[in-house]
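Asks: Hey, dropping target01.cif in here, mmCIF, C-alpha atoms:
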data_my_file
#
loop_
_atom_site.label_atom_id
_atom_site.label_comp_id
_atom_site.auth_asym_id
_atom_site.auth_seq_id
_atom_site.Cartn_x
_atom_site.Cartn_y
_atom_site.Cartn_z
CA MET A 1 113.28 105.62 57.04
CA THR A 2 112.42 104.88 60.65
CA PRO A 3 112.67 101.13 61.33
CA THR A 4 109.57 99.46 62.67
CA SER A 5 109.62 97.19 65.71
CA ASP A 6 109.33 94.18 63.37
CA ALA A 7 112.44 95.12 61.40
CA PRO A 8 115.40 92.71 61.68
CA PRO A 9 118.01 93.95 64.17
CA LEU A 10 121.17 95.57 62.83
CA ASP A 11 123.09 95.08 66.07
CA PRO A 12 125.50 92.10 65.72
CA LYS A 13 124.69 91.11 69.32
CA GLN A 14 121.06 90.57 68.38
CA PRO A 15 119.98 87.00 67.46
CA PRO A 16 119.60 86.08 63.78
CA VAL A 17 116.26 86.67 62.11
CA ALA A 18 115.56 82.92 61.97
CA ALA A 19 115.52 82.83 65.80
CA LEU A 20 112.89 85.57 65.82
CA ALA A 21 110.39 83.81 63.56
CA PRO A 22 106.86 84.44 64.85
CA VAL A 23 104.39 81.60 65.19
CA SER A 24 100.77 81.61 64.00
CA LEU A 25 98.09 83.42 66.02
CA PRO A 26 96.32 80.26 67.28
CA ARG A 27 99.68 78.86 68.40
CA GLN A 28 100.47 82.17 70.16
CA LEU A 29 97.24 81.83 72.11
CA VAL A 30 97.92 78.17 72.89
CA VAL A 31 101.44 78.79 74.21
CA CYS A 32 100.29 81.77 76.32
CA LEU A 33 97.48 79.69 77.80
CA ALA A 34 99.90 76.81 78.42
CA ALA A 35 102.33 79.23 80.10
CA TRP A 36 99.60 80.35 82.45
CA LEU A 37 98.20 76.90 83.25
CA VAL A 38 101.56 75.19 83.78
CA PRO A 39 104.53 77.48 84.58
CA GLY A 40 107.38 76.74 82.18
CA LEU A 41 105.27 74.87 79.63
CA GLY A 42 104.95 77.89 77.31
CA HIS A 43 108.73 78.19 76.95
CA GLY A 44 108.96 74.42 76.56
CA LEU A 45 106.46 74.45 73.66
CA LEU A 46 108.53 77.15 71.98
CA GLY A 47 111.69 75.06 72.30
CA ARG A 48 113.32 77.10 75.12
CA TYR A 49 113.84 74.07 77.33
CA GLY A 50 116.53 75.56 79.58
CA ARG A 51 114.44 78.61 80.40
CA ALA A 52 111.37 76.39 80.83
CA ALA A 53 113.18 74.27 83.42
CA LEU A 54 114.50 77.32 85.30
CA ILE A 55 111.12 79.07 85.33
CA GLY A 56 109.07 75.98 86.18
CA GLY A 57 111.55 74.87 88.83
CA SER A 58 111.67 78.29 90.50
CA ILE A 59 107.91 78.90 90.48
CA TYR A 60 107.04 75.41 91.72
CA THR A 61 109.72 75.68 94.42
CA MET A 62 108.13 78.96 95.56
CA VAL A 63 104.71 77.28 95.69
CA VAL A 64 106.02 74.32 97.72
CA LEU A 65 107.91 76.61 100.11
CA GLY A 66 104.85 78.86 100.44
CA LEU A 67 102.67 75.93 101.45
CA TRP A 68 105.41 74.53 103.70
CA MET A 69 105.51 77.90 105.50
CA ARG A 70 101.74 77.54 106.05
CA GLY A 71 100.70 80.18 103.54
CA HIS A 72 97.06 80.54 102.58
CA LEU A 73 95.70 79.75 99.12
CA TYR A 74 92.70 81.94 98.27
CA SER A 75 89.87 80.15 96.51
CA PRO A 76 88.96 81.26 92.97
CA PHE A 77 85.62 79.45 93.29
CA ASP A 78 84.37 81.01 96.52
CA PRO A 79 81.91 83.82 95.57
CA ASN A 80 82.52 85.58 98.87
CA GLU A 81 86.27 85.71 98.30
CA LEU A 82 85.90 86.53 94.61
CA LEU A 83 83.11 89.11 94.57
CA GLY A 84 82.71 90.44 98.11
CA LEU A 85 83.91 93.96 98.88
CA ARG A 86 84.81 93.28 102.48
CA ASP A 87 88.51 92.46 102.14
CA VAL A 88 90.00 94.11 99.07
CA LEU A 89 93.59 93.05 99.80
CA SER A 90 92.60 89.40 99.68
CA LYS A 91 91.34 89.96 96.11
CA VAL A 92 94.77 91.25 95.16
CA CYS A 93 96.31 88.13 96.68
CA LEU A 94 93.76 85.93 94.90
CA ILE A 95 94.49 87.55 91.51
CA GLY A 96 98.21 87.08 92.15
CA GLN A 97 97.82 83.46 93.19
CA MET A 98 95.64 82.69 90.16
CA GLY A 99 98.80 83.21 88.11
CA ILE A 100 100.07 79.87 89.39
CA GLY A 101 97.63 78.29 86.96
CA VAL A 102 95.89 74.97 87.21
CA LEU A 103 97.91 73.94 90.24
CA GLN A 104 96.21 76.54 92.45
CA PRO A 105 92.66 75.10 92.41
CA ILE A 106 94.06 71.55 92.46
CA LEU A 107 96.10 72.21 95.61
CA ARG A 108 93.18 74.01 97.15
CA GLY A 109 90.89 71.08 96.28
CA LEU A 110 93.36 68.68 97.89
CA GLY A 111 93.17 70.70 101.07
CA PHE A 112 96.57 72.45 100.93
CA GLY A 113 96.66 76.05 102.12
CA VAL A 114 92.98 76.08 103.04
CA GLY A 115 93.30 77.21 106.65
CA PHE A 116 94.26 80.67 107.90
CA GLU A 117 97.18 79.89 110.20
CA PHE A 118 97.73 83.40 111.52
CA LYS A 119 99.56 82.14 114.58
CA ALA A 120 102.34 80.57 112.50
CA ALA A 121 105.39 82.87 112.38
CA THR A 122 105.84 82.15 108.68
CA TYR A 123 102.19 82.58 107.62
CA GLU A 124 102.78 85.95 105.92
CA TYR A 125 105.95 84.73 104.20
CA GLY A 126 104.17 81.64 102.93
CA THR A 127 101.17 83.55 101.59
CA TYR A 128 103.36 86.07 99.76
CA PHE A 129 105.59 83.32 98.33
CA LEU A 130 102.39 81.94 96.76
CA VAL A 131 101.29 85.39 95.53
CA VAL A 132 104.68 86.26 94.03
CA ALA A 133 104.92 82.84 92.35
CA GLY A 134 101.70 83.69 90.50
CA LEU A 135 102.77 87.25 89.67
CA LEU A 136 106.07 85.98 88.26
CA ASN A 137 104.13 83.58 86.06
CA TYR A 138 102.16 86.52 84.63
CA LEU A 139 105.49 88.08 83.63
CA VAL A 140 106.52 84.75 82.13
CA MET A 141 103.33 84.79 80.03
CA PHE A 142 104.34 88.17 78.58
CA ASP A 143 107.78 86.75 77.78
CA VAL A 144 106.20 83.76 76.03
CA PHE A 145 103.99 86.14 74.04
CA ASP A 146 107.03 88.18 72.98
CA ILE A 147 108.86 85.04 71.86
CA ALA A 148 105.80 83.74 70.01
CA LYS A 149 105.36 87.10 68.26
CA GLY A 150 108.99 86.96 67.14
CA ARG A 151 110.05 90.03 69.13
CA LYS A 152 112.55 88.11 71.21
CA ALA A 153 114.80 85.05 70.84
CA MET B 154 108.72 75.39 119.87
CA THR B 155 110.32 78.71 120.73
CA HIS B 156 113.27 80.38 119.04
CA ASN B 157 115.68 82.87 120.50
CA ARG B 158 116.19 86.20 118.78
CA ARG B 159 119.29 85.16 116.80
CA GLU B 160 117.54 82.05 115.48
CA THR B 161 114.54 84.14 114.43
CA GLU B 162 116.76 86.68 112.64
CA ALA B 163 118.62 83.87 110.84
CA MET B 164 115.29 82.33 109.78
CA HIS B 165 114.02 85.67 108.42
CA PHE B 166 117.27 86.21 106.52
CA LEU B 167 117.18 82.67 105.10
CA VAL B 168 113.61 83.16 103.87
CA MET B 169 114.54 86.53 102.34
CA THR B 170 117.56 85.13 100.48
CA THR B 171 115.55 82.13 99.25
CA PHE B 172 112.86 84.49 97.96
CA ALA B 173 115.51 86.69 96.32
CA ALA B 174 117.25 83.71 94.69
CA LEU B 175 114.07 82.21 93.22
CA THR B 176 112.66 85.54 92.03
CA SER B 177 115.91 86.69 90.46
CA THR B 178 116.24 83.33 88.68
CA VAL B 179 112.89 83.86 86.94
CA LEU B 180 113.62 87.53 86.20
CA ALA B 181 117.01 86.62 84.71
CA ALA B 182 115.37 83.96 82.53
CA ILE B 183 112.85 86.40 81.03
CA THR B 184 114.79 89.68 80.93
CA ASN B 185 115.08 91.64 77.70
CA GLU B 186 118.34 93.24 78.83
CA ALA B 187 120.47 90.11 78.37
CA GLU B 188 121.05 87.92 75.33
CA THR B 189 123.82 85.49 76.23
CA THR B 190 123.84 83.03 79.12
CA ARG B 191 126.67 84.97 80.77
CA GLU B 192 124.70 88.23 80.60
CA ARG B 193 121.66 86.47 82.06
CA CYS B 194 123.74 85.09 84.95
CA LEU B 195 125.18 88.53 85.67
CA TYR B 196 121.71 90.08 85.53
CA GLY B 197 120.42 87.42 87.93
CA LEU B 198 123.29 88.02 90.37
CA LYS B 199 122.75 91.79 90.22
CA THR B 200 119.02 91.35 90.85
CA PHE B 201 119.70 88.97 93.73
CA GLY B 202 122.16 91.44 95.27
CA ALA B 203 119.66 94.26 94.86
CA PHE B 204 116.89 92.25 96.56
CA VAL B 205 119.08 91.32 99.53
CA GLY B 206 120.73 94.76 99.78
CA VAL B 207 117.45 96.70 99.64
CA GLY B 208 115.90 94.24 102.11
CA LEU B 209 118.71 94.83 104.60
CA VAL B 210 118.56 98.62 104.18
CA ILE B 211 114.78 98.67 104.70
CA SER B 212 115.09 96.40 107.75
CA TRP B 213 117.62 98.81 109.29
CA LEU B 214 115.34 101.77 108.56
CA PHE B 215 112.46 99.95 110.26
CA TYR B 216 114.70 99.28 113.26
CA PHE B 217 114.59 102.99 114.14
CA ILE B 218 110.83 103.26 113.73
CA PRO B 219 109.11 102.45 117.04
#
Rewrite the coordinates I just gave you, this time as structure tokens.

Replies:
Amino acid sequence: MTPTSDAPPLDPKQPPVAALAPVSLPRQLVVCLAAWLVPGLGHGLLGRYGRAALIGGSIYTMVVLGLWMRGHLYSPFDPNELLGLRDVLSKVCLIGQMGIGVLQPILRGLGFGVGFEFKAATYEYGTYFLVVAGLLNYLVMFDVFDIAKGRKA
Amino acid sequence: MTHNRRETEAMHFLVMTTFAALTSTVLAAITNEAETTRERCLYGLKTFGAFVGVGLVISWLFYFIP
């Protein structure tokens, strides 16, 4: 019989079945939402505190460095930036940066990363640090979903 | 403030290695290819090396493009 993806692993290197216990559907949704809103929180809610600290520390460090290098934070509430067809690449950056979660609109509201400082030598670096921080958090959300579904320890 | 060419190159390299270190840390934390902490550390080091190595190779290729 072909084993399904939910079958317990036969490989001795794989974690025990108890470590792969899935959580309920509402809790899966809650931890995925938490992982998006606050990087690292999803792993923390699932008891993976070490990974939560590493992920949260790395993503927040990238955000701080991105702002320090005068990167630009795109606004998720500006209809021109969100819906206009003029600058498609900025939409890609906005979608990436939205992965940072609740911190992105808060920082933007506080006035961080609002200006376009093209003349700064590190402007591009800073902006893409912010974009990649968000994109990494999307990957982290998938990891949290896998753990919550019981597919991964 | 102006920087000479060596200072600029060092700054670019520092930013690249910082980016590689932070990104590979997250990738090592969420990878499916490693189970133990040792395997995760090795995966992170390999990813970091790949980021820096590929970055250097691409920068040398761009050097010859006018």

Asks: Give me the chain B side of the contact with chain A, cut-off 9 Å, one line per residue showing its nearest atom pair and distance in Å at one decimal, counting all atoms listed in the file, sorted by chain and residue number, as JSON lines.

Replies:
{"residue": "B:His165", "atom": "CA", "partner": "A:Thr122", "partner_atom": "CA", "distance": 8.9}
{"residue": "B:Val168", "atom": "CA", "partner": "A:Tyr125", "partner_atom": "CA", "distance": 7.8}
{"residue": "B:Met169", "atom": "CA", "partner": "A:Tyr125", "partner_atom": "CA", "distance": 9.0}
{"residue": "B:Thr171", "atom": "CA", "partner": "A:Met62", "partner_atom": "CA", "distance": 8.9}
{"residue": "B:Phe172", "atom": "CA", "partner": "A:Phe129", "partner_atom": "CA", "distance": 7.4}
{"residue": "B:Ala174", "atom": "CA", "partner": "A:Ser58", "partner_atom": "CA", "distance": 8.8}
{"residue": "B:Leu175", "atom": "CA", "partner": "A:Ser58", "partner_atom": "CA", "distance": 5.3}
{"residue": "B:Thr176", "atom": "CA", "partner": "A:Ser58", "partner_atom": "CA", "distance": 7.5}
{"residue": "B:Thr178", "atom": "CA", "partner": "A:Ser58", "partner_atom": "CA", "distance": 7.0}
{"residue": "B:Val179", "atom": "CA", "partner": "A:Ile55", "partner_atom": "CA", "distance": 5.4}
{"residue": "B:Leu180", "atom": "CA", "partner": "A:Leu136", "partner_atom": "CA", "distance": 8.0}
{"residue": "B:Ala182", "atom": "CA", "partner": "A:Arg51", "partner_atom": "CA", "distance": 5.8}
{"residue": "B:Ile183", "atom": "CA", "partner": "A:Asp143", "partner_atom": "CA", "distance": 6.0}
{"residue": "B:Thr184", "atom": "CA", "partner": "A:Asp143", "partner_atom": "CA", "distance": 8.2}
{"residue": "B:Asn185", "atom": "CA", "partner": "A:Lys152", "partner_atom": "CA", "distance": 7.8}
{"residue": "B:Glu188", "atom": "CA", "partner": "A:Gln14", "partner_atom": "CA", "distance": 7.4}
{"residue": "B:Thr189", "atom": "CA", "partner": "A:Lys13", "partner_atom": "CA", "distance": 8.9}

Asks: Once the PyMOL selection byres ((chain B and resi 198) around 12) has been evaluated on this model, what residues remain selected, and can you format them as number ranges by chain?

Replies: B: 170, 173-182, 191-197, 199-206

Asks: So how many Å separate atom CA of A:Leu130 and atom CA of B:Leu209, to one decimal?

Replies: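 About the pair atom CA of A:Leu130 and atom CA of B:Leu209: they are 22.2 Å apart.
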
Asks: Expanded to explicit residues, what is the PyMOL selection byres ((chain A and resi 22) around 9) for this file, as a ChimeraX atom specification?

Replies: /A:19-21,23-25,28,146-151

Asks: Show which residues sit within 10 Å of A:Pro105, as a ChimeraX atom specification. Count all atoms listed in the file, and ignore same-chain residues fewer than 5 positions away.

Replies: /A:73-77,97-98,100,110-112

Asks: So which residues touch A:Ala35 within 9 Å, counting all atoms listed in the file, skipping near sequence neighbours fewer than 3 positions away, as a list in words?

Replies: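 So, after excluding close chain neighbours, the residues are Val30, Val31, Cys32, Val38, Pro39, Gly40, Leu41, Gly42, His43, Gly44, Gly101, Asn137, Tyr138, Val140, Met141 and Val144 of chain A.
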
Asks: What separation in Å, quoted to one decimal, exists between atom CA of A:Ile95 and atom CA of A:Leu33?

Replies: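 Taking atom CA of A:Ile95 as the start and atom CA of A:Leu33 as the end point, the length is 16.1 Å.
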
Asks: Provide the atom CA of A:Val63 to atom CA of B:Thr190 distance in Å, to one decimal place.

Replies: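 Atom-to-atom, atom CA of A:Val63 and atom CA of B:Thr190 are spaced 26.0 Å apart.
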
Asks: Between A:Arg48, A:Ala120, A:Trp68, A:Leu135, which residue has the minimum interatomic distance to A:Cys93, considering all atoms listed in the file?

Replies: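 Residue with the minimum atom-to-atom distance to A:Cys93: A:Leu135.
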